[in-house]
Amino acid sequence: MAHYPRLSVTPDLEKLVKDYVLPSSLGFGKHVAPLMATCLYTNGEWQQPKIEAYGPMPFVPAAKIFQYGQQVFEGMKAYRQKNGKTVMFRPLENFKRFNLSAARLAMPEIPEELFMGCVESVVHAMKNIIPTGEGESLYLRPFMVATEPGLSISVSSDYLFFVLASPSGSYFSADRVSVMIERVNARAAHGGTGSAKTSGNYAASLTASIMAKKLGYHQTIWLDACEHKYIEEFSGMNFFAVMNNELFTPALGTTILHGITRSSLISLAKHQGIKVNEAKIDIDELISSVRSGDCNEVFACGTAAIVTPVAELGESDGTTRYPIKTPPKEKSVAARLRQQLLAIQTGAAEDHFGWVHPIN
Ligand SMILES: Cc1ncc(COP(=O)(O)O)c(C=O)c1O
């Protein structure tokens, strides 16, 4: 396994971590940990990264991130296993996706040593504040923003890369979620930025999330931008359905995020002989299958949400809802996959796939 440069942490910074008290109610991404990594890109080169205290940063209001949204990010987790080891889950996949997102947003790629060195250093420096309850972890947020000032639409010359951390619990407060079908607006179109992890995609999902919340839903499900017919994904997770004991998930393309959890679940499912169909899923056909009982599970998956079952789909008029007649937990494909994934991440089961990345 590659060895990445570890950034130094001064005694003052170590003290910040030592004095940090984990909040009793964690929530997800609510509390930012005391240290962060930063690295400047200027004159066509990445400069020396460093670990510093989390806090306000000076940015000029004309910086291109504020004017034209040149930003990319990642979401990943570090776990404290029962045996005391600190590990991450497939972080090199996040690194690769970060650079794919950066290329789409005309931002500089980041070298593996720099990305992984910053991420590992942040995790290592704060390994003692990783929460260890069910579904808890240190959530990591690497991101890059354009910092060159200027009001003309052009590529920034300067960037800042950060790695923040957040001791976090479950993404959803409910065990099963209700999902609103968004039939009018679209999240991403072919050739757009849907498969990049960039802030604008999430900003575009917020009006739907306001409506969803008003109607008592937890999430939005997005359809394709051309025909408003085929399921794409949730606002921050990938989509799976179980029909007649087979798994169905939308095929990847330029409009949905290529989820690392999605790909891991596909491998886990295939490994135990479950057929996985990566295909177009017509929302109205899915609703018919839910009504007939042929589709008995729908679930969301992602780093944040892990595997979260969907209790019902519903229309944005607030009146029509389609409850999913899910099997008991011991017969649920989603429950089994969630348990297997968590067991690998937390060290309760052997990692036959080579997904667990130790932070020594
Ligand atoms: C839009 C979107 N889809 C899917 C996912 C799931 O991706 P992953 O499993 O890599 O976290 C995420 C989360 O990062 C997301 O934001």
# chains A, B, ... in the order shown; residues from 1 in each chain; ligands from 1
call {"tool": "residues_around", "arguments": {"residues": "segment 191-197 of chain A", "least_positions_apart": "6", "cutoff": "8 Å", "atoms": "only C-alpha atoms", "output": "PyMOL selection string"}}
result
chain A and resi 72-74+97-98+100-102+104+253-258
call {"tool": "residues_near_ligand", "arguments": {"ligand": "ligand 1", "cutoff": "8 Å", "atoms": "only C-alpha atoms and all ligand atoms", "output": "ChimeraX atom specification"}}
result
/A:74-76,94,194-195,197,201-202,233-238,256-263,301-304,306
call {"tool": "write_last_selection", "arguments": {"atoms": "N, CA, C and O atoms", "output": "compact mmCIF listing (two decimals), in the first residue's frame"}}
result
# COMPACT_ATOMS: atom_id res chain seq x y z
N GLU A 74 -15.81 16.18 -2.19
CA GLU A 74 -16.00 14.75 -1.95
C GLU A 74 -16.61 14.55 -0.58
O GLU A 74 -16.61 15.46 0.25
N GLY A 75 -17.13 13.37 -0.35
CA GLY A 75 -17.64 12.99 0.96
C GLY A 75 -17.15 11.59 1.26
O GLY A 75 -17.36 10.68 0.47
N MET A 76 -16.44 11.43 2.36
CA MET A 76 -15.88 10.12 2.71
C MET A 76 -15.86 9.97 4.22
O MET A 76 -16.09 10.95 4.93
N ASN A 94 -12.61 7.95 -4.03
CA ASN A 94 -12.99 9.37 -3.86
C ASN A 94 -11.96 10.27 -4.52
O ASN A 94 -12.30 11.28 -5.14
N GLY A 194 -23.94 16.59 -13.97
CA GLY A 194 -24.59 15.67 -13.02
C GLY A 194 -23.66 14.63 -12.42
O GLY A 194 -23.82 14.25 -11.26
N SER A 195 -22.68 14.16 -13.20
CA SER A 195 -21.80 13.11 -12.65
C SER A 195 -20.58 13.70 -11.95
O SER A 195 -19.73 12.96 -11.47
N LYS A 197 -19.12 16.00 -8.75
CA LYS A 197 -19.59 16.37 -7.41
C LYS A 197 -19.25 17.84 -7.23
O LYS A 197 -18.15 18.20 -6.81
N ASN A 201 -24.98 21.42 -8.43
CA ASN A 201 -25.96 20.33 -8.57
C ASN A 201 -26.85 20.25 -7.33
O ASN A 201 -28.03 19.90 -7.41
N TYR A 202 -26.26 20.55 -6.19
CA TYR A 202 -26.99 20.43 -4.93
C TYR A 202 -27.85 21.68 -4.71
O TYR A 202 -28.98 21.58 -4.23
N GLU A 233 -31.57 9.51 -9.66
CA GLU A 233 -31.04 9.26 -8.32
C GLU A 233 -31.75 10.18 -7.33
O GLU A 233 -32.61 10.98 -7.71
N PHE A 234 -31.38 10.06 -6.08
CA PHE A 234 -31.87 10.99 -5.05
C PHE A 234 -30.97 12.22 -5.08
O PHE A 234 -29.94 12.22 -5.75
N SER A 235 -31.30 13.23 -4.26
CA SER A 235 -30.49 14.45 -4.28
C SER A 235 -29.06 14.18 -3.81
O SER A 235 -28.13 14.87 -4.24
N GLY A 236 -28.88 13.20 -2.93
CA GLY A 236 -27.52 12.94 -2.44
C GLY A 236 -27.22 11.47 -2.27
O GLY A 236 -26.37 11.10 -1.46
N MET A 237 -27.92 10.63 -3.05
CA MET A 237 -27.74 9.18 -2.92
C MET A 237 -28.12 8.50 -4.22
O MET A 237 -28.91 9.05 -4.99
N ASN A 238 -27.64 7.28 -4.40
CA ASN A 238 -28.06 6.49 -5.56
C ASN A 238 -29.28 5.65 -5.22
O ASN A 238 -29.61 5.44 -4.06
N ILE A 256 -25.75 11.18 -13.51
CA ILE A 256 -25.83 10.79 -12.10
C ILE A 256 -24.44 10.56 -11.53
O ILE A 256 -23.50 10.27 -12.26
N LEU A 257 -24.34 10.71 -10.22
CA LEU A 257 -23.05 10.51 -9.57
C LEU A 257 -22.72 9.02 -9.51
O LEU A 257 -23.58 8.21 -9.17
N HIS A 258 -21.48 8.70 -9.87
CA HIS A 258 -21.05 7.30 -9.88
C HIS A 258 -20.67 6.93 -8.45
O HIS A 258 -19.52 7.06 -8.02
N GLY A 259 -21.66 6.50 -7.70
CA GLY A 259 -21.50 6.31 -6.26
C GLY A 259 -20.58 5.14 -5.92
O GLY A 259 -20.64 4.07 -6.54
N ILE A 260 -19.76 5.35 -4.92
CA ILE A 260 -18.84 4.30 -4.47
C ILE A 260 -19.61 3.26 -3.65
O ILE A 260 -19.34 2.07 -3.73
N THR A 261 -20.61 3.71 -2.91
CA THR A 261 -21.47 2.77 -2.19
C THR A 261 -22.25 1.92 -3.19
O THR A 261 -22.36 0.70 -3.03
N ARG A 262 -22.77 2.57 -4.23
CA ARG A 262 -23.52 1.85 -5.27
C ARG A 262 -22.66 0.74 -5.84
O ARG A 262 -23.09 -0.42 -5.92
N SER A 263 -21.42 1.07 -6.23
CA SER A 263 -20.57 0.05 -6.85
C SER A 263 -20.22 -1.04 -5.83
O SER A 263 -20.13 -2.22 -6.18
N CYS A 301 -28.67 4.70 -1.32
CA CYS A 301 -27.35 4.34 -0.78
C CYS A 301 -26.35 5.44 -1.07
O CYS A 301 -26.40 6.12 -2.09
N GLY A 302 -25.43 5.60 -0.14
CA GLY A 302 -24.37 6.59 -0.30
C GLY A 302 -23.50 6.60 0.94
O GLY A 302 -23.87 5.99 1.95
N THR A 303 -22.39 7.29 0.87
CA THR A 303 -21.49 7.36 2.02
C THR A 303 -22.24 7.86 3.24
O THR A 303 -22.12 7.31 4.33
N ALA A 304 -23.02 8.93 3.07
CA ALA A 304 -23.72 9.53 4.20
C ALA A 304 -24.88 8.64 4.66
O ALA A 304 -25.01 8.34 5.83
N ILE A 306 -25.54 5.49 3.96
CA ILE A 306 -25.19 4.06 3.99
C ILE A 306 -26.21 3.33 3.10
O ILE A 306 -26.18 3.51 1.89
call {"tool": "select_by_dssp", "arguments": {"residues": "segment 213-341 of chain A", "states": "helix (DSSP H, G or I)", "output": "MDAnalysis selection string"}}
result
chainID A and resid 213:214 260:271 283:292 329:331 333:341
call {"tool": "write_last_selection", "arguments": {"atoms": "N, CA, C and O atoms", "output": "compact mmCIF listing (two decimals), in the first residue's frame"}}
result
# COMPACT_ATOMS: atom_id res chain seq x y z
N LYS A 213 -40.05 18.70 2.10
CA LYS A 213 -40.16 18.82 3.55
C LYS A 213 -41.56 19.30 3.95
O LYS A 213 -42.16 18.77 4.90
N LYS A 214 -42.07 20.26 3.17
CA LYS A 214 -43.40 20.80 3.47
C LYS A 214 -44.47 19.68 3.44
O LYS A 214 -45.43 19.70 4.20
N ILE A 260 -19.76 5.35 -4.92
CA ILE A 260 -18.84 4.30 -4.47
C ILE A 260 -19.61 3.26 -3.65
O ILE A 260 -19.34 2.07 -3.73
N THR A 261 -20.61 3.71 -2.91
CA THR A 261 -21.47 2.77 -2.19
C THR A 261 -22.25 1.92 -3.19
O THR A 261 -22.36 0.70 -3.03
N ARG A 262 -22.77 2.57 -4.23
CA ARG A 262 -23.52 1.85 -5.27
C ARG A 262 -22.66 0.74 -5.84
O ARG A 262 -23.09 -0.42 -5.92
N SER A 263 -21.42 1.07 -6.23
CA SER A 263 -20.57 0.05 -6.85
C SER A 263 -20.22 -1.04 -5.83
O SER A 263 -20.13 -2.22 -6.18
N SER A 264 -20.07 -0.67 -4.55
CA SER A 264 -19.74 -1.68 -3.52
C SER A 264 -20.93 -2.62 -3.32
O SER A 264 -20.74 -3.84 -3.17
N LEU A 265 -22.14 -2.07 -3.30
CA LEU A 265 -23.33 -2.92 -3.11
C LEU A 265 -23.52 -3.86 -4.29
O LEU A 265 -23.92 -5.02 -4.12
N ILE A 266 -23.22 -3.37 -5.49
CA ILE A 266 -23.33 -4.24 -6.67
C ILE A 266 -22.37 -5.43 -6.52
O ILE A 266 -22.73 -6.58 -6.74
N SER A 267 -21.14 -5.14 -6.08
CA SER A 267 -20.17 -6.23 -5.89
C SER A 267 -20.65 -7.19 -4.80
O SER A 267 -20.57 -8.42 -4.97
N LEU A 268 -21.12 -6.65 -3.68
CA LEU A 268 -21.59 -7.51 -2.58
C LEU A 268 -22.74 -8.39 -3.05
O LEU A 268 -22.79 -9.58 -2.74
N ALA A 269 -23.69 -7.79 -3.78
CA ALA A 269 -24.87 -8.54 -4.23
C ALA A 269 -24.46 -9.64 -5.21
O ALA A 269 -24.86 -10.80 -5.06
N LYS A 270 -23.61 -9.28 -6.19
CA LYS A 270 -23.21 -10.28 -7.19
C LYS A 270 -22.46 -11.43 -6.51
O LYS A 270 -22.62 -12.58 -6.88
N HIS A 271 -21.66 -11.07 -5.51
CA HIS A 271 -20.87 -12.06 -4.78
C HIS A 271 -21.77 -13.13 -4.15
O HIS A 271 -21.35 -14.27 -3.96
N ILE A 283 -40.39 5.43 -14.04
CA ILE A 283 -41.01 5.70 -12.74
C ILE A 283 -42.43 5.13 -12.66
O ILE A 283 -42.82 4.57 -11.63
N ASP A 284 -43.19 5.23 -13.76
CA ASP A 284 -44.57 4.75 -13.67
C ASP A 284 -44.64 3.22 -13.64
O ASP A 284 -45.51 2.65 -12.99
N GLU A 285 -43.69 2.59 -14.34
CA GLU A 285 -43.63 1.12 -14.24
C GLU A 285 -43.23 0.71 -12.83
O GLU A 285 -43.73 -0.28 -12.29
N LEU A 286 -42.31 1.48 -12.24
CA LEU A 286 -41.91 1.15 -10.86
C LEU A 286 -43.10 1.28 -9.91
O LEU A 286 -43.33 0.41 -9.06
N ILE A 287 -43.88 2.36 -10.11
CA ILE A 287 -45.05 2.56 -9.23
C ILE A 287 -46.03 1.38 -9.40
O ILE A 287 -46.54 0.85 -8.41
N SER A 288 -46.23 0.93 -10.65
CA SER A 288 -47.12 -0.24 -10.87
C SER A 288 -46.59 -1.45 -10.13
O SER A 288 -47.35 -2.21 -9.51
N SER A 289 -45.25 -1.64 -10.19
CA SER A 289 -44.66 -2.80 -9.51
C SER A 289 -44.78 -2.68 -8.00
O SER A 289 -44.96 -3.69 -7.30
N VAL A 290 -44.68 -1.45 -7.50
CA VAL A 290 -44.84 -1.25 -6.05
C VAL A 290 -46.28 -1.60 -5.67
O VAL A 290 -46.53 -2.28 -4.67
N ARG A 291 -47.22 -1.15 -6.51
CA ARG A 291 -48.64 -1.40 -6.20
C ARG A 291 -48.98 -2.89 -6.26
O ARG A 291 -49.74 -3.40 -5.45
N SER A 292 -48.36 -3.58 -7.25
CA SER A 292 -48.69 -5.02 -7.38
C SER A 292 -47.93 -5.86 -6.37
O SER A 292 -48.23 -7.03 -6.16
N LYS A 329 -37.33 -7.61 8.25
CA LYS A 329 -35.91 -7.30 8.18
C LYS A 329 -35.04 -8.52 7.80
O LYS A 329 -34.12 -8.40 6.99
N GLU A 330 -35.39 -9.69 8.34
CA GLU A 330 -34.53 -10.86 8.08
C GLU A 330 -34.61 -11.32 6.63
O GLU A 330 -33.76 -12.06 6.15
N LYS A 331 -35.65 -10.86 5.89
CA LYS A 331 -35.76 -11.25 4.48
C LYS A 331 -35.42 -10.09 3.55
O LYS A 331 -35.56 -10.20 2.32
N VAL A 333 -33.37 -7.54 1.37
CA VAL A 333 -32.07 -7.44 0.67
C VAL A 333 -31.33 -6.20 1.15
O VAL A 333 -30.13 -6.23 1.42
N ALA A 334 -32.06 -5.09 1.30
CA ALA A 334 -31.43 -3.83 1.74
C ALA A 334 -30.81 -4.01 3.12
O ALA A 334 -29.67 -3.59 3.36
N ALA A 335 -31.54 -4.65 4.03
CA ALA A 335 -31.03 -4.82 5.40
C ALA A 335 -29.78 -5.68 5.38
O ALA A 335 -28.80 -5.40 6.09
N ARG A 336 -29.79 -6.71 4.53
CA ARG A 336 -28.62 -7.61 4.48
C ARG A 336 -27.40 -6.87 3.91
O ARG A 336 -26.30 -6.95 4.44
N LEU A 337 -27.62 -6.13 2.84
CA LEU A 337 -26.50 -5.40 2.23
C LEU A 337 -25.96 -4.35 3.19
O LEU A 337 -24.75 -4.15 3.30
N ARG A 338 -26.85 -3.66 3.88
CA ARG A 338 -26.42 -2.64 4.84
C ARG A 338 -25.56 -3.27 5.94
O ARG A 338 -24.50 -2.78 6.28
N GLN A 339 -26.06 -4.40 6.45
CA GLN A 339 -25.33 -5.06 7.53
C GLN A 339 -23.95 -5.52 7.05
O GLN A 339 -22.94 -5.34 7.74
N GLN A 340 -23.90 -6.06 5.83
CA GLN A 340 -22.61 -6.56 5.31
C GLN A 340 -21.63 -5.41 5.06
O GLN A 340 -20.44 -5.51 5.37
N LEU A 341 -22.16 -4.31 4.52
CA LEU A 341 -21.29 -3.16 4.24
C LEU A 341 -20.73 -2.59 5.54
O LEU A 341 -19.52 -2.35 5.68
call {"tool": "residues_around", "arguments": {"residues": "Pro323 of chain A", "least_positions_apart": "6", "cutoff": "7 Å", "atoms": "only C-alpha atoms", "output": "list of chain:residue names"}}
result
A:Ala311, A:Glu312, A:Leu313
call {"tool": "residues_around", "arguments": {"residues": "Leu164 of chain A", "least_positions_apart": "5", "cutoff": "9 Å", "atoms": "only C-alpha atoms", "output": "JSON, numbers by chain"}}
result
{"A": [32, 33, 34, 35, 36, 37, 38, 54, 119, 122, 139, 140, 141, 142, 143]}
call {"tool": "atom_distance", "arguments": {"atom1": "atom CA of Lys325 of chain A", "atom2": "atom CA of Glu134 of chain A"}}
result
26.1 Å
call {"tool": "residues_around", "arguments": {"residues": "Glu182 of chain A", "least_positions_apart": "2", "cutoff": "9 Å", "atoms": "only C-alpha atoms", "output": "PDB file with N, CA and C atoms, in the first residue's frame"}}
result
ATOM      1  N   MET A 180     -40.249  12.061  -2.327  1.00  0.00           N
ATOM      2  CA  MET A 180     -41.107  12.792  -3.276  1.00  0.00           C
ATOM      3  C   MET A 180     -40.555  12.648  -4.698  1.00  0.00           C
ATOM      4  N   VAL A 184     -41.206  17.757 -12.487  1.00  0.00           N
ATOM      5  CA  VAL A 184     -41.126  18.965 -13.323  1.00  0.00           C
ATOM      6  C   VAL A 184     -39.669  19.411 -13.528  1.00  0.00           C
ATOM      7  N   ASN A 185     -39.020  19.767 -12.432  1.00  0.00           N
ATOM      8  CA  ASN A 185     -37.629  20.218 -12.555  1.00  0.00           C
ATOM      9  C   ASN A 185     -36.696  19.024 -12.728  1.00  0.00           C
ATOM     10  N   ALA A 186     -35.495  19.312 -13.259  1.00  0.00           N
ATOM     11  CA  ALA A 186     -34.493  18.250 -13.407  1.00  0.00           C
ATOM     12  C   ALA A 186     -33.242  18.644 -12.658  1.00  0.00           C
ATOM     13  N   ALA A 208     -36.764  21.729  -4.567  1.00  0.00           N
ATOM     14  CA  ALA A 208     -37.528  20.473  -4.408  1.00  0.00           C
ATOM     15  C   ALA A 208     -37.478  20.011  -2.962  1.00  0.00           C
ATOM     16  N   THR A 220     -35.867  13.710  -2.255  1.00  0.00           N
ATOM     17  CA  THR A 220     -36.441  13.877  -3.591  1.00  0.00           C
ATOM     18  C   THR A 220     -35.862  12.811  -4.510  1.00  0.00           C
ATOM     19  N   ILE A 221     -36.696  12.304  -5.398  1.00  0.00           N
ATOM     20  CA  ILE A 221     -36.176  11.405  -6.416  1.00  0.00           C
ATOM     21  C   ILE A 221     -36.254  12.138  -7.752  1.00  0.00           C
ATOM     22  N   TRP A 222     -35.131  12.137  -8.483  1.00  0.00           N
ATOM     23  CA  TRP A 222     -35.027  12.910  -9.729  1.00  0.00           C
ATOM     24  C   TRP A 222     -35.224  12.013 -10.935  1.00  0.00           C
ATOM     25  N   LEU A 223     -35.868  12.576 -11.958  1.00  0.00           N
ATOM     26  CA  LEU A 223     -36.084  11.853 -13.217  1.00  0.00           C
ATOM     27  C   LEU A 223     -35.225  12.486 -14.309  1.00  0.00           C
ATOM     28  N   HIS A 228     -38.614  13.169 -18.472  1.00  0.00           N
ATOM     29  CA  HIS A 228     -39.150  13.177 -17.097  1.00  0.00           C
ATOM     30  C   HIS A 228     -39.838  11.841 -16.789  1.00  0.00           C
ATOM     31  N   GLU A 315     -46.228  11.672  -4.839  1.00  0.00           N
ATOM     32  CA  GLU A 315     -46.242  12.757  -5.823  1.00  0.00           C
ATOM     33  C   GLU A 315     -46.092  14.106  -5.111  1.00  0.00           C
ATOM     34  N   SER A 316     -45.680  15.119  -5.876  1.00  0.00           N
ATOM     35  CA  SER A 316     -45.452  16.432  -5.266  1.00  0.00           C
ATOM     36  C   SER A 316     -46.761  17.218  -5.107  1.00  0.00           C
TER      37      SER A 316
END
call {"tool": "atom_distance", "arguments": {"atom1": "atom CA of Met107 of chain A", "atom2": "atom CA of Val155 of chain A"}}
result
7.7 Å
call {"tool": "closest_residue", "arguments": {"among": "A:Ile344, A:Val242, A:Ile359, A:Val60", "to": "Cys295 of chain A", "atoms": "only C-alpha atoms"}}
result
A:Val242
call {"tool": "closest_residue", "arguments": {"among": "A:Ile181, A:Ala349, A:Leu247, A:Ser24", "to": "Ser209 of chain A", "atoms": "only C-alpha atoms"}}
result
A:Ile181
call {"tool": "closest_residue", "arguments": {"among": "A:Phe95, A:Phe299, A:Phe59, A:Tyr20", "to": "Asn128 of chain A", "atoms": "only C-alpha atoms"}}
result
A:Tyr20
call {"tool": "closest_residue", "arguments": {"among": "A:Ala225, A:Leu26, A:Ala63, A:Ala125", "to": "Pro11 of chain A", "atoms": "only C-alpha atoms"}}
result
A:Ala125
call {"tool": "select_by_dssp", "arguments": {"residues": "segment 43-145 of chain A", "states": "strand (DSSP E or B)", "output": "list in words"}}
result
Glu45, Trp46, Lys50, Ile51, Glu52, Ala53, Ala63, Gln71, Val72, Phe73, Met76, Lys77, Ala78, Tyr79, Arg80, Thr86, Val87, Met88, Phe89, Ser137, Leu138, Tyr139, Leu140, Arg141, Pro142, Phe143, Met144 and Val145 of chain A
call {"tool": "write_last_selection", "arguments": {"atoms": "N, CA and C atoms", "output": "PDB file, in the first residue's frame"}}
result
ATOM      1  N   GLU A  45       0.970  25.611  -9.845  1.00  0.00           N
ATOM      2  CA  GLU A  45       1.522  24.549  -9.001  1.00  0.00           C
ATOM      3  C   GLU A  45       0.831  24.474  -7.648  1.00  0.00           C
ATOM      4  N   TRP A  46       0.739  23.256  -7.141  1.00  0.00           N
ATOM      5  CA  TRP A  46       0.282  23.076  -5.760  1.00  0.00           C
ATOM      6  C   TRP A  46       1.423  23.449  -4.829  1.00  0.00           C
ATOM      7  N   LYS A  50      -0.802  22.220   4.620  1.00  0.00           N
ATOM      8  CA  LYS A  50      -0.580  22.265   6.070  1.00  0.00           C
ATOM      9  C   LYS A  50      -1.864  21.943   6.838  1.00  0.00           C
ATOM     10  N   ILE A  51      -1.661  21.581   8.115  1.00  0.00           N
ATOM     11  CA  ILE A  51      -2.794  21.385   9.014  1.00  0.00           C
ATOM     12  C   ILE A  51      -2.923  22.654   9.829  1.00  0.00           C
ATOM     13  N   GLU A  52      -4.128  23.171   9.937  1.00  0.00           N
ATOM     14  CA  GLU A  52      -4.344  24.362  10.762  1.00  0.00           C
ATOM     15  C   GLU A  52      -5.667  24.242  11.511  1.00  0.00           C
ATOM     16  N   ALA A  53      -5.918  25.230  12.375  1.00  0.00           N
ATOM     17  CA  ALA A  53      -7.160  25.215  13.140  1.00  0.00           C
ATOM     18  C   ALA A  53      -8.315  25.579  12.213  1.00  0.00           C
ATOM     19  N   ALA A  63     -13.858  36.753  -5.554  1.00  0.00           N
ATOM     20  CA  ALA A  63     -13.279  35.431  -5.874  1.00  0.00           C
ATOM     21  C   ALA A  63     -14.241  34.651  -6.770  1.00  0.00           C
ATOM     22  N   GLN A  71     -16.302  24.955  -8.088  1.00  0.00           N
ATOM     23  CA  GLN A  71     -16.114  24.236  -6.818  1.00  0.00           C
ATOM     24  C   GLN A  71     -16.327  22.757  -7.056  1.00  0.00           C
ATOM     25  N   VAL A  72     -15.527  21.922  -6.425  1.00  0.00           N
ATOM     26  CA  VAL A  72     -15.775  20.471  -6.426  1.00  0.00           C
ATOM     27  C   VAL A  72     -15.518  19.936  -5.025  1.00  0.00           C
ATOM     28  N   PHE A  73     -16.142  18.808  -4.711  1.00  0.00           N
ATOM     29  CA  PHE A  73     -15.944  18.265  -3.367  1.00  0.00           C
ATOM     30  C   PHE A  73     -16.086  16.750  -3.343  1.00  0.00           C
ATOM     31  N   MET A  76     -16.438  11.428   2.358  1.00  0.00           N
ATOM     32  CA  MET A  76     -15.880  10.124   2.708  1.00  0.00           C
ATOM     33  C   MET A  76     -15.859   9.973   4.220  1.00  0.00           C
ATOM     34  N   LYS A  77     -15.593   8.755   4.694  1.00  0.00           N
ATOM     35  CA  LYS A  77     -15.675   8.537   6.143  1.00  0.00           C
ATOM     36  C   LYS A  77     -14.463   7.789   6.678  1.00  0.00           C
ATOM     37  N   ALA A  78     -14.098   8.135   7.927  1.00  0.00           N
ATOM     38  CA  ALA A  78     -13.096   7.351   8.657  1.00  0.00           C
ATOM     39  C   ALA A  78     -13.801   6.704   9.844  1.00  0.00           C
ATOM     40  N   TYR A  79     -13.420   5.451  10.122  1.00  0.00           N
ATOM     41  CA  TYR A  79     -14.064   4.672  11.185  1.00  0.00           C
ATOM     42  C   TYR A  79     -13.025   4.253  12.213  1.00  0.00           C
ATOM     43  N   ARG A  80     -13.447   4.224  13.462  1.00  0.00           N
ATOM     44  CA  ARG A  80     -12.622   3.643  14.516  1.00  0.00           C
ATOM     45  C   ARG A  80     -13.173   2.255  14.762  1.00  0.00           C
ATOM     46  N   THR A  86      -7.858   2.578  13.021  1.00  0.00           N
ATOM     47  CA  THR A  86      -8.567   3.642  12.305  1.00  0.00           C
ATOM     48  C   THR A  86      -8.482   3.330  10.815  1.00  0.00           C
ATOM     49  N   VAL A  87      -9.621   3.309  10.143  1.00  0.00           N
ATOM     50  CA  VAL A  87      -9.623   2.943   8.723  1.00  0.00           C
ATOM     51  C   VAL A  87     -10.520   3.889   7.925  1.00  0.00           C
ATOM     52  N   MET A  88     -10.308   3.853   6.621  1.00  0.00           N
ATOM     53  CA  MET A  88     -11.225   4.546   5.704  1.00  0.00           C
ATOM     54  C   MET A  88     -11.770   3.507   4.733  1.00  0.00           C
ATOM     55  N   PHE A  89     -12.791   3.910   3.968  1.00  0.00           N
ATOM     56  CA  PHE A  89     -13.423   2.982   3.037  1.00  0.00           C
ATOM     57  C   PHE A  89     -13.170   3.461   1.606  1.00  0.00           C
ATOM     58  N   SER A 137     -19.187   7.989  12.542  1.00  0.00           N
ATOM     59  CA  SER A 137     -17.869   8.026  11.895  1.00  0.00           C
ATOM     60  C   SER A 137     -17.357   9.463  11.902  1.00  0.00           C
ATOM     61  N   LEU A 138     -16.146   9.621  11.400  1.00  0.00           N
ATOM     62  CA  LEU A 138     -15.637  10.978  11.143  1.00  0.00           C
ATOM     63  C   LEU A 138     -15.868  11.235   9.657  1.00  0.00           C
ATOM     64  N   TYR A 139     -16.836  12.089   9.352  1.00  0.00           N
ATOM     65  CA  TYR A 139     -17.146  12.398   7.955  1.00  0.00           C
ATOM     66  C   TYR A 139     -16.110  13.401   7.457  1.00  0.00           C
ATOM     67  N   LEU A 140     -15.594  13.165   6.251  1.00  0.00           N
ATOM     68  CA  LEU A 140     -14.541  14.040   5.715  1.00  0.00           C
ATOM     69  C   LEU A 140     -15.033  14.756   4.480  1.00  0.00           C
ATOM     70  N   ARG A 141     -14.687  15.998   4.381  1.00  0.00           N
ATOM     71  CA  ARG A 141     -15.140  16.808   3.257  1.00  0.00           C
ATOM     72  C   ARG A 141     -13.944  17.496   2.577  1.00  0.00           C
ATOM     73  N   PRO A 142     -13.281  16.783   1.652  1.00  0.00           N
ATOM     74  CA  PRO A 142     -12.286  17.456   0.825  1.00  0.00           C
ATOM     75  C   PRO A 142     -13.018  18.342  -0.178  1.00  0.00           C
ATOM     76  N   PHE A 143     -12.548  19.545  -0.408  1.00  0.00           N
ATOM     77  CA  PHE A 143     -13.156  20.381  -1.449  1.00  0.00           C
ATOM     78  C   PHE A 143     -12.154  21.391  -1.975  1.00  0.00           C
ATOM     79  N   MET A 144     -12.460  21.925  -3.142  1.00  0.00           N
ATOM     80  CA  MET A 144     -11.565  22.885  -3.789  1.00  0.00           C
ATOM     81  C   MET A 144     -12.406  24.045  -4.339  1.00  0.00           C
ATOM     82  N   VAL A 145     -11.923  25.272  -4.117  1.00  0.00           N
ATOM     83  CA  VAL A 145     -12.647  26.451  -4.614  1.00  0.00           C
ATOM     84  C   VAL A 145     -11.711  27.363  -5.398  1.00  0.00           C
TER      85      VAL A 145
END
call {"tool": "decode", "arguments": {"residues": "segment 67-74 of chain A", "atoms": "N, CA and C atoms", "output": "tab-separated table (two decimals), in the first residue's frame"}}
result
chain	number	residue	atom	x	y	z
A	67	GLN	N	-18.57	34.08	-7.71
A	67	GLN	CA	-19.18	34.63	-8.92
A	67	GLN	C	-19.66	33.53	-9.88
A	68	TYR	N	-18.85	32.48	-10.04
A	68	TYR	CA	-19.17	31.49	-11.08
A	68	TYR	C	-19.17	30.04	-10.60
A	69	GLY	N	-19.05	29.87	-9.28
A	69	GLY	CA	-19.29	28.54	-8.71
A	69	GLY	C	-18.29	27.45	-9.08
A	70	GLN	N	-17.06	27.84	-9.36
A	70	GLN	CA	-16.06	26.78	-9.64
A	70	GLN	C	-15.71	26.12	-8.31
A	71	GLN	N	-16.30	24.96	-8.09
A	71	GLN	CA	-16.11	24.24	-6.82
A	71	GLN	C	-16.33	22.76	-7.06
A	72	VAL	N	-15.53	21.92	-6.42
A	72	VAL	CA	-15.77	20.47	-6.43
A	72	VAL	C	-15.52	19.94	-5.02
A	73	PHE	N	-16.14	18.81	-4.71
A	73	PHE	CA	-15.94	18.26	-3.37
A	73	PHE	C	-16.09	16.75	-3.34
A	74	GLU	N	-15.81	16.18	-2.19
A	74	GLU	CA	-16.00	14.75	-1.95
A	74	GLU	C	-16.61	14.55	-0.58
